[in-house]
$ cat data03.cif   # mmCIF, C-alpha atoms and all ligand atoms
data_input
loop_
_atom_site.label_atom_id
_atom_site.label_comp_id
_atom_site.auth_asym_id
_atom_site.auth_seq_id
_atom_site.Cartn_x
_atom_site.Cartn_y
_atom_site.Cartn_z
CA MET X 5 0.00 0.00 0.00
CA VAL X 6 1.46 3.38 -0.93
CA VAL X 7 -0.29 5.60 1.61
CA SER X 8 1.45 5.07 4.89
CA ASN X 9 2.03 6.72 8.22
CA GLU X 10 5.23 4.80 8.58
CA THR X 11 8.28 6.97 8.89
CA HIS X 12 10.84 4.53 7.51
CA GLY X 13 11.31 2.48 4.40
CA PRO X 14 11.80 3.47 0.77
CA PRO X 15 9.19 5.79 -0.73
CA SER X 16 7.59 4.62 -3.95
CA VAL X 17 8.70 5.83 -7.37
CA ALA X 18 7.46 9.25 -8.48
CA GLN X 19 5.09 9.49 -11.42
CA PRO X 20 5.87 11.62 -14.50
CA GLU X 21 3.18 14.19 -13.77
CA ALA X 22 4.77 17.59 -13.57
CA LYS X 23 5.25 20.18 -16.32
CA GLY X 24 9.01 20.13 -16.25
CA HIS X 25 9.73 22.96 -13.83
CA VAL X 26 9.25 21.11 -10.60
CA CYS X 27 11.12 22.54 -7.63
CA PRO X 28 14.37 20.48 -7.25
CA TRP X 29 14.36 18.17 -4.23
CA TRP X 30 17.33 19.87 -2.54
CA ILE X 31 15.39 23.14 -2.42
CA GLY X 32 13.08 21.22 -0.10
CA TRP X 33 15.69 21.72 2.65
CA LEU X 34 15.69 25.51 2.08
CA LEU X 35 11.89 25.59 2.13
CA VAL X 36 11.78 24.16 5.66
CA SER X 37 14.11 26.81 7.09
CA PRO X 38 12.69 28.27 10.32
CA LEU X 39 13.52 31.75 8.94
CA ARG X 40 10.69 31.32 6.43
CA ARG X 41 8.22 31.76 9.29
CA LEU X 42 9.19 35.44 9.40
CA PHE X 43 7.43 36.12 6.10
CA GLU X 44 5.14 33.09 5.72
CA ASN X 45 3.74 31.90 9.03
CA PRO X 46 1.89 28.55 8.85
CA ASP X 47 -0.11 29.31 12.00
CA SER X 48 -1.56 32.58 10.73
CA LEU X 49 -2.05 31.31 7.16
CA LEU X 50 -3.68 27.98 8.05
CA GLY X 51 -4.90 28.39 11.63
CA PRO X 52 -8.22 30.05 10.68
CA HIS X 53 -9.14 27.05 8.48
CA VAL X 54 -8.09 24.07 10.62
CA ARG X 55 -9.87 22.46 13.58
CA PRO X 56 -8.86 19.51 15.78
CA GLY X 57 -9.96 16.18 14.35
CA MET X 58 -9.95 17.32 10.72
CA THR X 59 -8.58 15.33 7.80
CA VAL X 60 -6.36 17.66 5.80
CA LEU X 61 -4.89 16.78 2.41
CA GLU X 62 -1.69 18.51 1.31
CA PRO X 63 -0.60 17.83 -2.27
CA GLY X 64 2.89 19.15 -3.07
CA CYS X 65 3.88 19.08 0.60
CA GLY X 66 7.63 19.16 -0.03
CA MET X 67 9.49 18.36 3.20
CA GLY X 68 6.61 19.58 5.30
CA PHE X 69 7.03 23.25 6.16
CA PHE X 70 3.23 23.38 6.40
CA SER X 71 2.57 19.67 7.11
CA LEU X 72 4.08 19.63 10.60
CA PRO X 73 2.18 22.71 11.83
CA LEU X 74 -0.96 21.19 10.26
CA ALA X 75 -0.35 17.97 12.23
CA ARG X 76 -0.16 20.01 15.44
CA MET X 77 -3.39 21.84 14.54
CA VAL X 78 -5.46 18.72 13.76
CA GLY X 79 -4.32 17.12 17.02
CA PRO X 80 -4.16 13.42 17.90
CA THR X 81 -7.58 12.63 16.41
CA GLY X 82 -6.88 14.35 13.08
CA ARG X 83 -4.89 13.32 10.00
CA VAL X 84 -2.71 15.11 7.49
CA VAL X 85 -2.41 13.26 4.20
CA CYS X 86 0.76 14.46 2.47
CA VAL X 87 1.41 13.80 -1.22
CA ASP X 88 4.48 14.77 -3.21
CA LEU X 89 5.70 13.77 -6.61
CA GLN X 90 9.30 13.49 -5.41
CA PRO X 91 10.28 10.57 -3.15
CA ARG X 92 13.12 12.62 -1.65
CA MET X 93 10.64 15.25 -0.46
CA ILE X 94 8.57 12.54 1.22
CA ALA X 95 11.69 11.00 2.77
CA GLY X 96 12.62 14.42 4.24
CA LEU X 97 9.06 14.91 5.48
CA ARG X 98 9.07 11.52 7.21
CA ARG X 99 12.37 12.22 8.93
CA ARG X 100 11.16 15.58 10.18
CA ALA X 101 7.79 14.18 11.33
CA ASP X 102 9.58 11.40 13.21
CA LYS X 103 11.87 13.85 14.96
CA ALA X 104 8.93 16.06 15.95
CA GLY X 105 6.92 13.09 17.27
CA LEU X 106 4.15 13.85 14.76
CA ALA X 107 4.46 10.79 12.52
CA PRO X 108 1.31 9.07 13.88
CA ARG X 109 -0.82 11.98 12.60
CA LEU X 110 0.68 11.95 9.10
CA GLU X 111 0.15 9.73 6.09
CA SER X 112 2.53 10.20 3.20
CA LEU X 113 2.54 9.20 -0.40
CA ALA X 114 5.25 9.66 -3.02
CA GLY X 115 3.21 10.24 -6.17
CA THR X 116 0.28 12.31 -7.32
CA LEU X 117 -3.39 12.65 -6.48
CA ASP X 118 -4.13 10.16 -9.27
CA ASP X 119 -2.73 7.35 -7.15
CA PRO X 120 -5.53 4.79 -6.56
CA ALA X 121 -4.37 4.51 -2.92
CA LEU X 122 -6.16 7.83 -2.37
CA ASP X 123 -9.51 6.48 -3.56
CA VAL X 124 -10.37 5.54 0.04
CA ARG X 125 -10.33 9.26 0.83
CA ARG X 126 -12.99 10.16 -1.75
CA GLY X 127 -15.58 12.51 -0.27
CA THR X 128 -13.91 12.53 3.17
CA VAL X 129 -11.33 15.33 3.22
CA ASP X 130 -12.30 18.40 5.27
CA LEU X 131 -9.62 20.73 3.95
CA ALA X 132 -7.03 20.60 1.18
CA VAL X 133 -4.10 23.01 1.01
CA ALA X 134 -2.12 23.40 -2.21
CA ILE X 135 0.71 25.80 -1.40
CA HIS X 136 3.19 27.02 -4.02
CA MET X 137 2.56 23.95 -6.15
CA VAL X 138 -0.38 24.36 -8.57
CA HIS X 139 1.86 26.21 -11.06
CA GLU X 140 4.01 23.05 -11.21
CA VAL X 141 1.12 20.72 -12.04
CA ARG X 142 0.99 19.56 -15.64
CA ASP X 143 -2.81 19.33 -15.89
CA PRO X 144 -4.35 21.73 -13.34
CA ALA X 145 -7.92 21.04 -14.52
CA ALA X 146 -7.60 17.29 -13.88
CA PHE X 147 -5.77 17.96 -10.60
CA LEU X 148 -8.55 20.27 -9.36
CA ARG X 149 -11.30 17.84 -10.41
CA ARG X 150 -9.58 15.07 -8.47
CA LEU X 151 -9.25 17.37 -5.44
CA ALA X 152 -12.94 18.24 -5.63
CA GLY X 153 -13.79 14.53 -5.59
CA LEU X 154 -11.60 13.89 -2.53
CA LEU X 155 -13.20 16.67 -0.49
CA ARG X 156 -16.39 16.08 1.45
CA PRO X 157 -19.38 18.22 0.46
CA GLY X 158 -18.72 21.59 2.10
CA GLY X 159 -14.98 20.80 2.29
CA ARG X 160 -12.58 23.58 1.44
CA LEU X 161 -9.48 24.10 -0.66
CA LEU X 162 -6.87 26.77 0.02
CA ILE X 163 -4.63 27.56 -2.93
CA VAL X 164 -1.59 29.76 -2.36
CA GLU X 165 0.79 30.60 -5.18
CA PRO X 166 4.09 32.54 -5.11
CA LYS X 167 3.78 36.12 -6.35
CA GLY X 168 7.29 35.94 -7.83
CA HIS X 169 6.48 32.99 -10.13
CA VAL X 170 2.77 33.39 -10.79
CA SER X 171 1.29 36.54 -12.33
CA ALA X 172 -2.06 37.93 -11.21
CA ALA X 173 -3.55 36.89 -14.56
CA ALA X 174 -2.22 33.34 -14.28
CA PHE X 175 -3.61 33.07 -10.75
CA GLU X 176 -7.04 34.21 -11.96
CA ARG X 177 -6.90 31.47 -14.60
CA THR X 178 -6.23 28.93 -11.85
CA VAL X 179 -9.25 30.19 -9.88
CA GLN X 180 -11.39 29.95 -13.04
CA THR X 181 -10.15 26.41 -13.60
CA ALA X 182 -11.16 25.60 -10.01
CA SER X 183 -14.64 27.02 -10.66
CA ALA X 184 -14.93 24.83 -13.75
CA ALA X 185 -13.97 21.85 -11.56
CA GLY X 186 -16.97 22.58 -9.33
CA PHE X 187 -15.49 24.87 -6.66
CA VAL X 188 -17.14 28.03 -5.37
CA GLU X 189 -14.89 30.87 -4.24
CA ARG X 190 -15.19 31.85 -0.57
CA GLY X 191 -12.52 34.50 -0.24
CA ARG X 192 -9.02 35.82 -0.82
CA PRO X 193 -7.30 35.34 2.54
CA LEU X 194 -4.16 37.35 1.73
CA GLY X 195 -5.88 40.18 -0.17
CA ASP X 196 -3.34 42.14 -2.23
CA ARG X 197 -0.46 40.78 -0.15
CA GLY X 198 -0.37 37.45 -1.97
CA ARG X 199 -2.00 35.04 -4.38
CA ALA X 200 -4.38 32.99 -2.30
CA ALA X 201 -7.94 31.77 -2.81
CA LEU X 202 -10.25 29.89 -0.46
CA LEU X 203 -12.62 27.64 -2.39
CA GLU X 204 -15.38 25.27 -1.37
CA ARG X 205 -16.83 22.10 -2.79
CA PRO X 206 -20.52 22.96 -2.41
CA ALA X 207 -22.74 20.54 -0.53
CA GLY X 208 -24.89 18.73 -3.08
CA GLY X 209 -22.42 19.46 -5.91
CA PRO X 210 -21.02 16.91 -8.37
CA THR X 211 -18.74 14.18 -7.00
C1 LIG S 301 7.74 24.76 -4.58
S1 LIG S 301 7.52 23.22 -3.78
C2 LIG S 301 6.49 23.72 -2.41
C3 LIG S 301 6.52 22.74 -1.28
C4 LIG S 301 5.65 23.13 -0.07
N1 LIG S 301 4.25 23.22 -0.43
C5 LIG S 301 6.14 24.40 0.54
O1 LIG S 301 5.51 25.46 0.31
O2 LIG S 301 7.15 24.36 1.23
C6 LIG S 301 6.35 22.38 -4.82
C7 LIG S 301 6.24 20.90 -4.51
O3 LIG S 301 5.16 20.36 -5.25
C8 LIG S 301 5.53 19.08 -5.72
N2 LIG S 301 4.69 18.77 -6.87
C9 LIG S 301 4.70 19.33 -8.10
N3 LIG S 301 3.74 18.82 -8.87
C10 LIG S 301 3.10 17.89 -8.12
C11 LIG S 301 2.01 17.01 -8.35
N4 LIG S 301 1.37 16.97 -9.51
N5 LIG S 301 1.62 16.19 -7.35
C12 LIG S 301 2.27 16.20 -6.16
N6 LIG S 301 3.30 17.02 -5.88
C13 LIG S 301 3.71 17.86 -6.84
C14 LIG S 301 7.02 19.20 -5.99
O4 LIG S 301 7.66 17.95 -6.00
C15 LIG S 301 7.47 20.11 -4.85
O5 LIG S 301 7.87 19.37 -3.73
#

$ encode --input "data03.cif" --output "structure tokens"
Amino acid sequence: MVVSNETHGPPSVAQPEAKGHVCPWWIGWLLVSPLRRLFENPDSLLGPHVRPGMTVLEPGCGMGFFSLPLARMVGPTGRVVCVDLQPRMIAGLRRRADKAGLAPRLESLAGTLDDPALDVRRGTVDLAVAIHMVHEVRDPAAFLRRLAGLLRPGGRLLIVEPKGHVSAAAFERTVQTASAAGFVERGRPLGDRGRAALLERPAGGPT
């Protein structure tokens, strides 16, 4: 089984999903620097959307800059399901989760949302967070449709994209693609300070 909350053992082989400008694995170590909290604080960005006991899905988790704070926020009864294309990102995440004593709250998968191991999560995820990764996805429309199917009715998706890499126009196209996938927009949490959209899979919408 590919989804696992084990913290050891070889991650499975990545799938050829990305567009060709995927963040190199070694940058994963820079992305988890504590200094990053000075300008991108996981607690203030994610805290308003997370409650204890939630199931949170994080595609493109990297080495877990957001995953570990999410695991603290969902508490011992919650789960964070982490998915990354690159096995080395997942290996780094597992090591860090182990060290922080948070491994029992995390499941990790080296691959993409298309992995059939995620089918058991269909219609169950309370919140998905896709942070600085949608611009790397080869087929954003298919990715967002799959995300919509994994969320429960009323479940939410937070997309955050980097201002430096993603223009305002490109971000609006992503939000439109999400609407076409069945999402309804619920807000822009960062306002003009960043590219972020909070979206919802409406109750009673398509599965
Ligand atoms: C720029 S990094 C951001 C990592 C993390 N979200 C953060 O902000 O620290 C983007 C990550 O998305 C992953 N990624 C790209 N396309 C993906 C896909 N289709 N499915 C899963 N992960 C993907 C990359 O391997 C990389 O680890």

$ residues_around --input "data03.cif" --residues "Pro144 of chain X" --least-positions-apart "3" --cutoff "12 Å" --atoms "all atoms listed in the file" --output "PDB file with C-alpha atoms, in the coordinates of the input"
ATOM      1  CA  GLU X  21       3.180  14.190 -13.770  1.00  0.00           C
ATOM      2  CA  ALA X  22       4.770  17.590 -13.570  1.00  0.00           C
ATOM      3  CA  LYS X  23       5.250  20.180 -16.320  1.00  0.00           C
ATOM      4  CA  LEU X 117      -3.390  12.650  -6.480  1.00  0.00           C
ATOM      5  CA  ALA X 134      -2.120  23.400  -2.210  1.00  0.00           C
ATOM      6  CA  MET X 137       2.560  23.950  -6.150  1.00  0.00           C
ATOM      7  CA  VAL X 138      -0.380  24.360  -8.570  1.00  0.00           C
ATOM      8  CA  HIS X 139       1.860  26.210 -11.060  1.00  0.00           C
ATOM      9  CA  GLU X 140       4.010  23.050 -11.210  1.00  0.00           C
ATOM     10  CA  VAL X 141       1.120  20.720 -12.040  1.00  0.00           C
ATOM     11  CA  PHE X 147      -5.770  17.960 -10.600  1.00  0.00           C
ATOM     12  CA  LEU X 148      -8.550  20.270  -9.360  1.00  0.00           C
ATOM     13  CA  ARG X 149     -11.300  17.840 -10.410  1.00  0.00           C
ATOM     14  CA  ARG X 150      -9.580  15.070  -8.470  1.00  0.00           C
ATOM     15  CA  LEU X 151      -9.250  17.370  -5.440  1.00  0.00           C
ATOM     16  CA  ILE X 163      -4.630  27.560  -2.930  1.00  0.00           C
ATOM     17  CA  ALA X 174      -2.220  33.340 -14.280  1.00  0.00           C
ATOM     18  CA  PHE X 175      -3.610  33.070 -10.750  1.00  0.00           C
ATOM     19  CA  ARG X 177      -6.900  31.470 -14.600  1.00  0.00           C
ATOM     20  CA  THR X 178      -6.230  28.930 -11.850  1.00  0.00           C
ATOM     21  CA  VAL X 179      -9.250  30.190  -9.880  1.00  0.00           C
ATOM     22  CA  GLN X 180     -11.390  29.950 -13.040  1.00  0.00           C
ATOM     23  CA  THR X 181     -10.150  26.410 -13.600  1.00  0.00           C
ATOM     24  CA  ALA X 182     -11.160  25.600 -10.010  1.00  0.00           C
ATOM     25  CA  SER X 183     -14.640  27.020 -10.660  1.00  0.00           C
ATOM     26  CA  ALA X 184     -14.930  24.830 -13.750  1.00  0.00           C
ATOM     27  CA  ALA X 185     -13.970  21.850 -11.560  1.00  0.00           C
TER      28      ALA X 185
END

$ axis_aligned_box --input "data03.cif" --around "ligand LIG 301 (chain S)" --padding-each-side "4 Å" --output "lines of an AutoDock Vina configuration file"
center_x = 4.6
center_y = 20.8
center_z = -4.1
size_x = 14.5
size_y = 17.3
size_z = 18.7

$ closest_atom_pairs --input "data03.cif" --of "segment 88-171 of chain X" --to "segment 39-54 of chain X" --cutoff "9 Å" --atoms "all atoms listed in the file" --output "Markdown table"
| residue | atom | partner | partner_atom | distance |
| --- | --- | --- | --- | --- |
| X:Asp130 | CA | X:Val54 | CA | 8.9 |
| X:Leu131 | CA | X:Val54 | CA | 7.6 |
| X:Val133 | CA | X:Leu50 | CA | 8.6 |
| X:Arg160 | CA | X:His53 | CA | 8.6 |
| X:Leu162 | CA | X:Leu50 | CA | 8.7 |

$ residues_near_ligand --input "data03.cif" --ligand "ligand LIG 301 (chain S)" --cutoff "6 Å" --atoms "only C-alpha atoms and all ligand atoms" --output "PyMOL selection string"
chain X and resi 21-22+26-27+35+63-66+69+87-90+93+116+135-137+140-141

$ closest_residue --input "data03.cif" --among "X:Lys167, X:Arg83, X:Arg126, X:Arg192" --to "Glu111 of chain X" --atoms "all atoms listed in the file"
X:Arg83

$ atom_distance --input "data03.cif" --atom1 "atom CA of Gly153 of chain X" --atom2 "atom CA of Leu106 of chain X"
27.1 Å

$ atom_distance --input "data03.cif" --atom1 "atom CA of Ala114 of chain X" --atom2 "atom CA of Ala75 of chain X"
18.2 Å

$ atom_distance --input "data03.cif" --atom1 "atom CA of Met58 of chain X" --atom2 "atom CA of Leu154 of chain X"
13.8 Å

$ residues_around --input "data03.cif" --residues "Arg109 of chain X" --least-positions-apart "6" --cutoff "9 Å" --atoms "only C-alpha atoms" --output "mmCIF file with C-alpha atoms, keeping the file's coordinate frame"
data_model
loop_
_atom_site.group_PDB
_atom_site.id
_atom_site.type_symbol
_atom_site.label_atom_id
_atom_site.label_comp_id
_atom_site.auth_asym_id
_atom_site.auth_seq_id
_atom_site.Cartn_x
_atom_site.Cartn_y
_atom_site.Cartn_z
ATOM 1 C CA ASN X 9 2.030 6.720 8.220
ATOM 2 C CA ALA X 75 -0.350 17.970 12.230
ATOM 3 C CA ARG X 76 -0.160 20.010 15.440
ATOM 4 C CA VAL X 78 -5.460 18.720 13.760
ATOM 5 C CA GLY X 79 -4.320 17.120 17.020
ATOM 6 C CA PRO X 80 -4.160 13.420 17.900
ATOM 7 C CA THR X 81 -7.580 12.630 16.410
ATOM 8 C CA GLY X 82 -6.880 14.350 13.080
ATOM 9 C CA ARG X 83 -4.890 13.320 10.000
ATOM 10 C CA VAL X 84 -2.710 15.110 7.490
ATOM 11 C CA VAL X 85 -2.410 13.260 4.200
ATOM 12 C CA ALA X 101 7.790 14.180 11.330
#

$ closest_residue --input "data03.cif" --among "X:Gly168, X:Pro73, X:Gly127, X:Gly191" --to "Leu110 of chain X" --atoms "all atoms listed in the file"
X:Pro73

$ closest_residue --input "data03.cif" --among "X:Leu203, X:Val170, X:Leu74, X:Leu122" --to "Phe187 of chain X" --atoms "only C-alpha atoms"
X:Leu203

$ decode --input "data03.cif" --residues "segment 62-78 of chain X" --atoms "C-alpha atoms" --output "short mmCIF file (atom, residue, chain, number, x, y, z; two decimals), in the first residue's frame"
data_model
loop_
_atom_site.label_atom_id
_atom_site.label_comp_id
_atom_site.auth_asym_id
_atom_site.auth_seq_id
_atom_site.Cartn_x
_atom_site.Cartn_y
_atom_site.Cartn_z
CA GLU X 62 -1.69 18.51 1.31
CA PRO X 63 -0.60 17.83 -2.27
CA GLY X 64 2.89 19.15 -3.07
CA CYS X 65 3.88 19.08 0.60
CA GLY X 66 7.63 19.16 -0.03
CA MET X 67 9.49 18.36 3.20
CA GLY X 68 6.61 19.58 5.30
CA PHE X 69 7.03 23.25 6.16
CA PHE X 70 3.23 23.38 6.40
CA SER X 71 2.57 19.67 7.11
CA LEU X 72 4.08 19.63 10.60
CA PRO X 73 2.18 22.71 11.83
CA LEU X 74 -0.96 21.19 10.26
CA ALA X 75 -0.35 17.97 12.23
CA ARG X 76 -0.16 20.01 15.44
CA MET X 77 -3.39 21.84 14.54
CA VAL X 78 -5.46 18.72 13.76
#
